[in-house]
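Student: Provided herewith is a single structure, encoded as structure tokens, for subsequent inquiry.
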Amino acid sequence: MAQVIHGPGVIKSSLPFSAAIRAGNFVFVSGMASADEEGRIIRDTFEHEARRTYQNISRTLAAAGLNFSHVVQARCYLADQKDWDAHNRIYRDFFSEPFPVRTTLIGCLGTLVKYEVDVVAYDGNSSPRST
């Protein structure tokens with residue numbers, strides 16, 4: 001049975017979606033962007049939006065008892081190709097080897113945000129990505 005993840009710092013929204021759902025040993029985190037806890041978008045530079053996005057993901061994972069080492073898949077969305085190098089640099093600040101599998105789509109966000117990320121994490125006995 002699926003369980004909605006709630007907790008301090010988990011984004012709330014009036015839109016029809018859950019920030020995160022636990023299904024078995026997996027936690028699925030909805031697309032996160034540069035937003036406050038009430039889900040209001042905070043427009044900023046690409047770097048600040050990306051870091052705020054990962055901070056939102058971090059708080060959501062923490063509410064599920066997890067962290068970035070539990071992430072097995074990441075899907076990243078960039079509004080503009082020019083932010084590719086910054087995206088990869090900032091991504092490495094939050095993920096380390098072995099990296100989760102990743103898909104990156106460019107030019108699909110419109111103008112509301114510059115960056116969005118959704119992740120899937122695995123909640124096993126230890127970090128699934130440790131070697």
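Residue numbers start at 1 in each chain; chains themselves are named A, B, ... in the order of the structure tokens; ligands are numbered from 1 in the order shown.
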Please, which residues of segment 5-104 of chain A, numbered as in this document, come out helix (DSSP H, G or I) from DSSP, as JSON, numbers by chain?
Tutor: {"A": [46, 47, 48, 49, 50, 51, 52, 53, 54, 55, 56, 57, 58, 59, 60, 61, 62, 63, 68, 69, 70, 81, 82, 83, 84, 85, 86, 87, 88, 89, 90, 91, 92, 93, 94]}
Student: Can you tell me which residues surround segment 55-58 of chain A at a distance of at most 8 Å, considering only C-alpha atoms, apart from same-chain residues fewer than 6 positions away, and format the answer as a ChimeraX atom specification?
Tutor: /A:9-11,29,32-35,67-68
Student: Save out the residues we just selected, C-alpha atoms, as a short mmCIF file (atom, residue, chain, number, x, y, z; two decimals), in the first residue's frame.
Tutor:
```
data_model
loop_
_atom_site.label_atom_id
_atom_site.label_comp_id
_atom_site.auth_asym_id
_atom_site.auth_seq_id
_atom_site.Cartn_x
_atom_site.Cartn_y
_atom_site.Cartn_z
CA GLY A 9 10.06 21.00 5.20
CA VAL A 10 8.08 18.80 2.82
CA ILE A 11 6.48 21.09 0.26
CA VAL A 29 9.66 12.18 -5.03
CA MET A 32 10.85 19.62 -7.10
CA ALA A 33 11.81 23.15 -8.10
CA SER A 34 12.81 26.41 -6.47
CA ALA A 35 9.84 26.83 -4.11
CA ASN A 67 19.22 10.93 2.01
CA PHE A 68 20.83 11.41 -1.41
#
```
Student: Which of these, A:Gly65, A:Arg40, A:Val72, A:Thr53, has the shortest distance to Val120 of chain A once you count only C-alpha atoms?
Tutor: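 Checking each candidate against Val120 of chain A, we get A:Val72 as the closest.
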Student: Report the distance between atom CA of Arg89 of chain A and atom CA of Tyr54 of chain A in Å, rounded to one decimal place.
Tutor: 12.8 Å
Student: Please provide the set of residues having any atom within 8 Å of segment 100-117 of chain A, restricted to only C-alpha atoms, with same-chain residues fewer than 6 positions apart removed, written as a list in words.
Tutor: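 So, after excluding close chain neighbours, the residues are Ser30, Gly31, Met32, Ala33, Ser34, Ile41, Arg43, Phe46, Glu49, Ala50, Thr53, Tyr54, Val71, Val72, Gln73, Ala74, Arg75, Cys76, Tyr77, Leu78, Ala79, Asp80, Gln81 and Arg129 of chain A.
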Student: Would you save the residues from that selection as a compact mmCIF listing (two decimals), in the first residue's frame, using C-alpha atoms?
Tutor:
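And here's result-v8.txt as it stands now:
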```
# COMPACT_ATOMS: atom_id res chain seq x y z
CA SER A 30 7.62 14.47 -7.29
CA GLY A 31 9.34 17.04 -9.44
CA MET A 32 10.85 19.62 -7.10
CA ALA A 33 11.81 23.15 -8.10
CA SER A 34 12.81 26.41 -6.47
CA ILE A 41 7.87 29.41 -6.80
CA ARG A 43 12.58 32.80 -9.12
CA PHE A 46 20.00 29.15 -12.14
CA GLU A 49 17.17 27.73 -8.10
CA ALA A 50 19.09 24.47 -8.51
CA THR A 53 15.57 22.44 -5.61
CA TYR A 54 18.04 20.00 -4.06
CA VAL A 71 18.59 7.87 -4.69
CA VAL A 72 18.76 5.34 -7.52
CA GLN A 73 17.24 7.45 -10.30
CA ALA A 74 17.16 11.19 -11.02
CA ARG A 75 15.34 13.01 -13.79
CA CYS A 76 16.52 16.57 -14.33
CA TYR A 77 14.80 19.25 -16.37
CA LEU A 78 16.61 22.39 -17.56
CA ALA A 79 14.88 25.34 -19.17
CA ASP A 80 18.03 26.38 -21.05
CA GLN A 81 20.98 24.49 -22.58
CA ARG A 129 24.70 2.80 -4.15
```
Student: How many Å lie between atom CA of Val119 of chain A and atom CA of Ser18 of chain A, rounded to one decimal?
Tutor: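 So the two atoms, atom CA of Val119 of chain A and atom CA of Ser18 of chain A, lie 13.4 Å apart.
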Student: Considering only strand (DSSP E) as DSSP defines it on the backbone, what residues of chain A qualify? List them as a PyMOL selection string.
Tutor: chain A and resi 3-4+20-23+26-32+71-78+101-106+115-122
